[in-house]
Structure formats: structure tokens, C-alpha cells
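Please read the structure below before turning to the comments.
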Amino acid sequence: MQEFYAKEVPYTIIKSNDVSVPPFPYLRDSSGNRTMICVSPHHGRSYIVSKKDGRYIVSKGNGLSYTQYSHVHSGEFDDYTWGILLKDEAVRDFEIGIEVHDLGIKTNIMQYVIKLENEILLTNRHVLTPILLQYSVECPYRICDAAYMPKEEIWRQVAQWEKYNKRGHTQSYLVAAEVLVKNLKILHSNKILHNAIHPQNYTWALELLDFEISYSPQHPYNTKEESHIVKDLFPREIMQTYDVINHIASCLNETINHAELEELFFRFGFDIKNCKSIYDKK
């Protein structure tokens, strides 16, 4: 973990959900008097800003953690800026995150979308207003963070998976697989495309995160072209989920029994050999 200084700036709340926690309108600034914690190099713009009732409060869009600059405008996609979150991304993440949580999938608990009253001039002469997404999680570490985590923290999290072990699995990766594949079934049965299932978007508490490029019937994409290709993207999430399970098994030094794992996928309605999603059966 690495600590960063930040300044507290005036703000406006755009969206709110869990209001038992106050907003943390922080922007990375070496001269500031607030602090934020970045748990690994994989978290380029996300920080722990507080903790309450055993849950970590995370804020996203507070500035870049791996350069001396709080933001870097790369020129990609017009106003895309490293370290900064755009409003449309934050709102989509917030709203679909709540939708997915309400379906019974373990995920982060959304709190706020916050607009900071702090203008940033980009190299293309456009002016950006930073947006923050604030939420809470049980575990701030993602699957991809294993190399940067205390080993005892990994095993502490894995020990808590036993409550999901209804089938008496003797290997932990299969316990996690039951959760992840069930999540995929819930998503696809409701025609929701996460669109970024990989080891960076699952925590070690098996929380599914990051819905900023997700799709749901309630929150479709803006263009006809994007909406048209959605159906074709569902099957790849089967193999992406398989990949996350592979990462988990590798981190735990467990050897995957592919036949057993693929039978698990089949029980939840997924055809590995033909890469067929439940969505295809609708």
C-alpha cells in the first residue's frame, strides 16, 4: 500500500445511495492535508479514503497514482484523461452497479457520484471537471493484486469463502468458481453484459466491480452500432470468467481439474466447448 496526499475541494453530489457515509471529495495533491491509500499499481485512479463498520470506502477518479502528475491527457478518445473519471462513465458504473446488487450478486455498495468544483485544462484546450465514484467494499484487493498483498490477507479472505461451499469442494478455486459462474448466470439471464470480466474486476472477497462499460436493458449503449454488437459479446464472458478462476487457482497453488470445472459451468447452463451463453437461449 502507498499513501498519497490529497486536497479536499468543493463539490456537488450528482447521485447518492448509501448516505450513512459522508462524501470524500478528495483530489490528489502533494500539498494537501488529506491522505488516500492506493493498494497496488493496478489501481491507477482508485484509493481507500476511509473505513467504516469493517468495510473500506473507495473513491475512484481522484488522480493518477503512478506519475508525479495527478492527471495525464493522452489524446485518446478526445477528452479521456489518465487519473480522471468522466461523468457518463461514473453514472453508468453507479446505476448498473446498483442494478446488479439488487439482483443478488455480491458487489460493491455504491454511495455517491460527486462532481468536484475544480476545473482541469487539457492539452487540447478543453476543460474537464473531475468526477468521483465513491463506494464501499469488503476487500480492497483485486484478484490481480495477489503479488502485492500480504499472503496472510489472501488466506484470510479465502477462509471466508467456506460459507459458499455448499457442495463440499476440497479445493478453494472450485468454491470461488461456484460464485463466479452463478454470477455470470444471473447477469446473462437478465441480459446484462459486464463487458470487463477479468482478474482486475473481482476482489478477493469475490465482489464483482466496475460497471462503467457495462450494458443492461435498463441502461443501453448510446449508439445503435454499440447496441447492435452486444449479443455477440456475451459468449466471451464465459471464457473471461474461466480465466479469472484460472488466476485464482494459480495464486492458491491449486491444480485445476478442467473436466470438473467445465461440468460446473454446464450445471449453470454454459457450454464451454461451443462457447454458448445462456443469453443465446433467450
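Every chain in the C-alpha cells has a letter given in the order shown (A, B, ...), and although residue numbers restart at 1 in each chain, ligands are simply numbered from 1 in the order shown.
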Could you name the residues that touch Tyr164 of chain A at 9 Å or less, counting only C-alpha atoms, but leaving out those on the same chain fewer than 3 positions away, as a tab-separated table (two decimals) with N, CA, C and O atoms, in the first residue's frame?
```
chain	number	residue	atom	x	y	z
A	160	GLN	N	-12.90	-17.24	4.30
A	160	GLN	CA	-14.28	-16.77	4.38
A	160	GLN	C	-15.16	-17.32	3.25
A	160	GLN	O	-16.37	-17.22	3.31
A	161	TRP	N	-14.54	-17.92	2.23
A	161	TRP	CA	-15.32	-18.49	1.13
A	161	TRP	C	-16.06	-19.74	1.57
A	161	TRP	O	-16.99	-20.18	0.89
A	167	ARG	N	-21.31	-27.60	-1.69
A	167	ARG	CA	-21.11	-28.92	-2.30
A	167	ARG	C	-19.91	-29.66	-1.70
A	167	ARG	O	-19.54	-30.73	-2.18
A	175	VAL	N	-14.74	-23.49	-5.02
A	175	VAL	CA	-15.70	-22.72	-4.21
A	175	VAL	C	-15.91	-21.36	-4.85
A	175	VAL	O	-17.04	-20.89	-5.03
A	176	ALA	N	-14.80	-20.71	-5.24
A	176	ALA	CA	-14.89	-19.42	-5.92
A	176	ALA	C	-15.62	-19.56	-7.25
A	176	ALA	O	-16.43	-18.70	-7.63
A	178	GLU	N	-17.99	-21.58	-8.14
A	178	GLU	CA	-19.44	-21.65	-7.94
A	178	GLU	C	-20.04	-20.25	-7.87
A	178	GLU	O	-21.10	-19.96	-8.44
A	179	VAL	N	-19.35	-19.35	-7.16
A	179	VAL	CA	-19.84	-17.97	-7.02
A	179	VAL	C	-19.75	-17.23	-8.34
A	179	VAL	O	-20.71	-16.58	-8.78
```
Write out as a VMD selection string which residues come within 9 Å of Asn201 of chain A when counting only C-alpha atoms, dropping same-chain ones fewer than 2 positions away.
chain A and resid 142 to 144 196 to 199 203 207 to 210
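Between atom CA of Asp271 of chain A and atom CA of Thr241 of chain A the interatomic distance comes to 12.9 Å.
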What residues in segment 24-168 of chain A get the DSSP label strand (DSSP E)? Please answer as a ChimeraX atom specification.
/A:26-28,34-38,46-52,55-60,72-73,81-82,109-116,120-121,127-128,131-137
Which is closest to Pro10 of chain A among A:Ile98, A:Leu233, A:Ile114, A:Met36, if we use only C-alpha atoms?
A:Ile114
Measure the distance from atom CA of Glu212 of chain A to atom CA of Phe265 of chain A in Å and round it to one decimal.
26.1 Å
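Proximity to Gln134 of chain A was assessed for A:Ser16, A:Thr170, A:Thr255, A:Ser216 counting only C-alpha atoms; the smallest distance is recorded for A:Ser16.
What separates atom CA of Val158 of chain A from atom CA of Val49 of chain A is a distance of 24.6 Å.
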As number ranges by chain, which residues of segment 30-249 of chain A does DSSP assign to helix (DSSP H, G or I)?
A: 87-102, 143-148, 151-164, 172-189, 199-201, 224-228, 230-233, 236-249
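You can rank A:Leu128, A:Ala205, A:Glu237, A:Leu86 by their closest distance to Lys163 of chain A using only C-alpha atoms, and at the top of that list sits A:Ala205.
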I'd like the contact shell of Lys191 of chain A - 8 Å cut-off, only C-alpha atoms, skipping same-chain residues fewer than 2 positions apart - returned as a list of chain:residue names.
A:Leu187, A:His188, A:Ser189, A:Leu193, A:Ser216, A:Pro217, A:Tyr279
Please identify all polymer residues within 9 Å of Cys251 of chain A, counting only C-alpha atoms, omitting same-chain residues fewer than 2 positions from it, and present them as a ChimeraX atom specification.
/A:143,146-147,246-249,253-254
For Lys87 of chain A, work out the shell of residues within 9 Å, counting only C-alpha atoms and skipping chain neighbours fewer than 3 positions away, then give it as a ChimeraX atom specification.
/A:90-92,113-115,129-132
Quick one: write out the picked residues with all heavy atoms as a PDB file, in the first residue's frame?
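The resulting file, result_24.pdb, is shown below:
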```pdb
ATOM      1  N   ALA A  90     -18.969   7.380 -14.759  1.00  0.00           N
ATOM      2  CA  ALA A  90     -19.285   7.282 -13.327  1.00  0.00           C
ATOM      3  C   ALA A  90     -20.758   6.967 -13.101  1.00  0.00           C
ATOM      4  O   ALA A  90     -21.105   6.116 -12.275  1.00  0.00           O
ATOM      5  CB  ALA A  90     -18.902   8.575 -12.625  1.00  0.00           C
ATOM      6  N   VAL A  91     -21.626   7.643 -13.841  1.00  0.00           N
ATOM      7  CA  VAL A  91     -23.066   7.434 -13.670  1.00  0.00           C
ATOM      8  C   VAL A  91     -23.463   6.033 -14.114  1.00  0.00           C
ATOM      9  O   VAL A  91     -24.261   5.359 -13.448  1.00  0.00           O
ATOM     10  CB  VAL A  91     -23.866   8.517 -14.436  1.00  0.00           C
ATOM     11  CG1 VAL A  91     -25.352   8.177 -14.473  1.00  0.00           C
ATOM     12  CG2 VAL A  91     -23.659   9.886 -13.783  1.00  0.00           C
ATOM     13  N   ARG A  92     -22.911   5.559 -15.225  1.00  0.00           N
ATOM     14  CA  ARG A  92     -23.220   4.201 -15.695  1.00  0.00           C
ATOM     15  C   ARG A  92     -22.732   3.173 -14.671  1.00  0.00           C
ATOM     16  O   ARG A  92     -23.459   2.231 -14.333  1.00  0.00           O
ATOM     17  CB  ARG A  92     -22.577   3.944 -17.061  1.00  0.00           C
ATOM     18  CG  ARG A  92     -22.794   2.524 -17.583  1.00  0.00           C
ATOM     19  CD  ARG A  92     -22.259   2.362 -19.007  1.00  0.00           C
ATOM     20  NE  ARG A  92     -23.102   3.076 -19.940  1.00  0.00           N
ATOM     21  CZ  ARG A  92     -24.180   2.582 -20.539  1.00  0.00           C
ATOM     22  NH1 ARG A  92     -24.562   1.333 -20.284  1.00  0.00           N
ATOM     23  NH2 ARG A  92     -24.883   3.303 -21.379  1.00  0.00           N
ATOM     24  N   VAL A 113     -21.932   9.648  -6.662  1.00  0.00           N
ATOM     25  CA  VAL A 113     -21.208  10.226  -7.789  1.00  0.00           C
ATOM     26  C   VAL A 113     -21.080  11.704  -7.452  1.00  0.00           C
ATOM     27  O   VAL A 113     -22.076  12.380  -7.167  1.00  0.00           O
ATOM     28  CB  VAL A 113     -21.947  10.051  -9.132  1.00  0.00           C
ATOM     29  CG1 VAL A 113     -21.179  10.754 -10.246  1.00  0.00           C
ATOM     30  CG2 VAL A 113     -22.124   8.570  -9.453  1.00  0.00           C
ATOM     31  N   ILE A 114     -19.853  12.198  -7.455  1.00  0.00           N
ATOM     32  CA  ILE A 114     -19.551  13.547  -6.973  1.00  0.00           C
ATOM     33  C   ILE A 114     -18.862  14.351  -8.065  1.00  0.00           C
ATOM     34  O   ILE A 114     -17.910  13.879  -8.696  1.00  0.00           O
ATOM     35  CB  ILE A 114     -18.619  13.485  -5.740  1.00  0.00           C
ATOM     36  CG1 ILE A 114     -19.246  12.638  -4.628  1.00  0.00           C
ATOM     37  CG2 ILE A 114     -18.269  14.877  -5.241  1.00  0.00           C
ATOM     38  CD1 ILE A 114     -18.256  12.250  -3.540  1.00  0.00           C
ATOM     39  N   LYS A 115     -19.314  15.564  -8.284  1.00  0.00           N
ATOM     40  CA  LYS A 115     -18.626  16.484  -9.197  1.00  0.00           C
ATOM     41  C   LYS A 115     -17.767  17.425  -8.370  1.00  0.00           C
ATOM     42  O   LYS A 115     -18.268  18.116  -7.475  1.00  0.00           O
ATOM     43  CB  LYS A 115     -19.627  17.299 -10.030  1.00  0.00           C
ATOM     44  CG  LYS A 115     -18.945  18.243 -11.022  1.00  0.00           C
ATOM     45  CD  LYS A 115     -19.947  19.020 -11.866  1.00  0.00           C
ATOM     46  CE  LYS A 115     -20.593  20.138 -11.077  1.00  0.00           C
ATOM     47  NZ  LYS A 115     -21.392  21.054 -11.936  1.00  0.00           N
ATOM     48  N   THR A 129     -14.113  18.772 -15.698  1.00  0.00           N
ATOM     49  CA  THR A 129     -14.471  18.824 -14.289  1.00  0.00           C
ATOM     50  C   THR A 129     -14.366  17.412 -13.739  1.00  0.00           C
ATOM     51  O   THR A 129     -15.089  16.521 -14.195  1.00  0.00           O
ATOM     52  CB  THR A 129     -15.911  19.346 -14.092  1.00  0.00           C
ATOM     53  OG1 THR A 129     -16.022  20.651 -14.674  1.00  0.00           O
ATOM     54  CG2 THR A 129     -16.262  19.417 -12.616  1.00  0.00           C
ATOM     55  N   PRO A 130     -13.473  17.150 -12.789  1.00  0.00           N
ATOM     56  CA  PRO A 130     -13.299  15.785 -12.266  1.00  0.00           C
ATOM     57  C   PRO A 130     -14.574  15.249 -11.613  1.00  0.00           C
ATOM     58  O   PRO A 130     -15.299  15.976 -10.927  1.00  0.00           O
ATOM     59  CB  PRO A 130     -12.184  15.937 -11.228  1.00  0.00           C
ATOM     60  CG  PRO A 130     -11.482  17.196 -11.590  1.00  0.00           C
ATOM     61  CD  PRO A 130     -12.532  18.091 -12.168  1.00  0.00           C
ATOM     62  N   ILE A 131     -14.835  13.984 -11.843  1.00  0.00           N
ATOM     63  CA  ILE A 131     -15.969  13.279 -11.254  1.00  0.00           C
ATOM     64  C   ILE A 131     -15.431  12.131 -10.405  1.00  0.00           C
ATOM     65  O   ILE A 131     -14.503  11.432 -10.821  1.00  0.00           O
ATOM     66  CB  ILE A 131     -16.901  12.717 -12.345  1.00  0.00           C
ATOM     67  CG1 ILE A 131     -17.422  13.838 -13.261  1.00  0.00           C
ATOM     68  CG2 ILE A 131     -18.063  11.945 -11.725  1.00  0.00           C
ATOM     69  CD1 ILE A 131     -18.343  14.831 -12.598  1.00  0.00           C
ATOM     70  N   LEU A 132     -16.003  11.922  -9.235  1.00  0.00           N
ATOM     71  CA  LEU A 132     -15.622  10.814  -8.374  1.00  0.00           C
ATOM     72  C   LEU A 132     -16.763   9.821  -8.256  1.00  0.00           C
ATOM     73  O   LEU A 132     -17.932  10.208  -8.201  1.00  0.00           O
ATOM     74  CB  LEU A 132     -15.267  11.299  -6.963  1.00  0.00           C
ATOM     75  CG  LEU A 132     -14.185  12.368  -6.823  1.00  0.00           C
ATOM     76  CD1 LEU A 132     -13.949  12.673  -5.344  1.00  0.00           C
ATOM     77  CD2 LEU A 132     -12.887  11.937  -7.496  1.00  0.00           C
TER      78      LEU A 132
END
```
Got a sec: who's within 10 Å of His42 of chain A, counting only C-alpha atoms, leaving out chain neighbours fewer than 5 positions off, as a ChimeraX atom specification?
/A:65-66,141-142,144-145,148,200
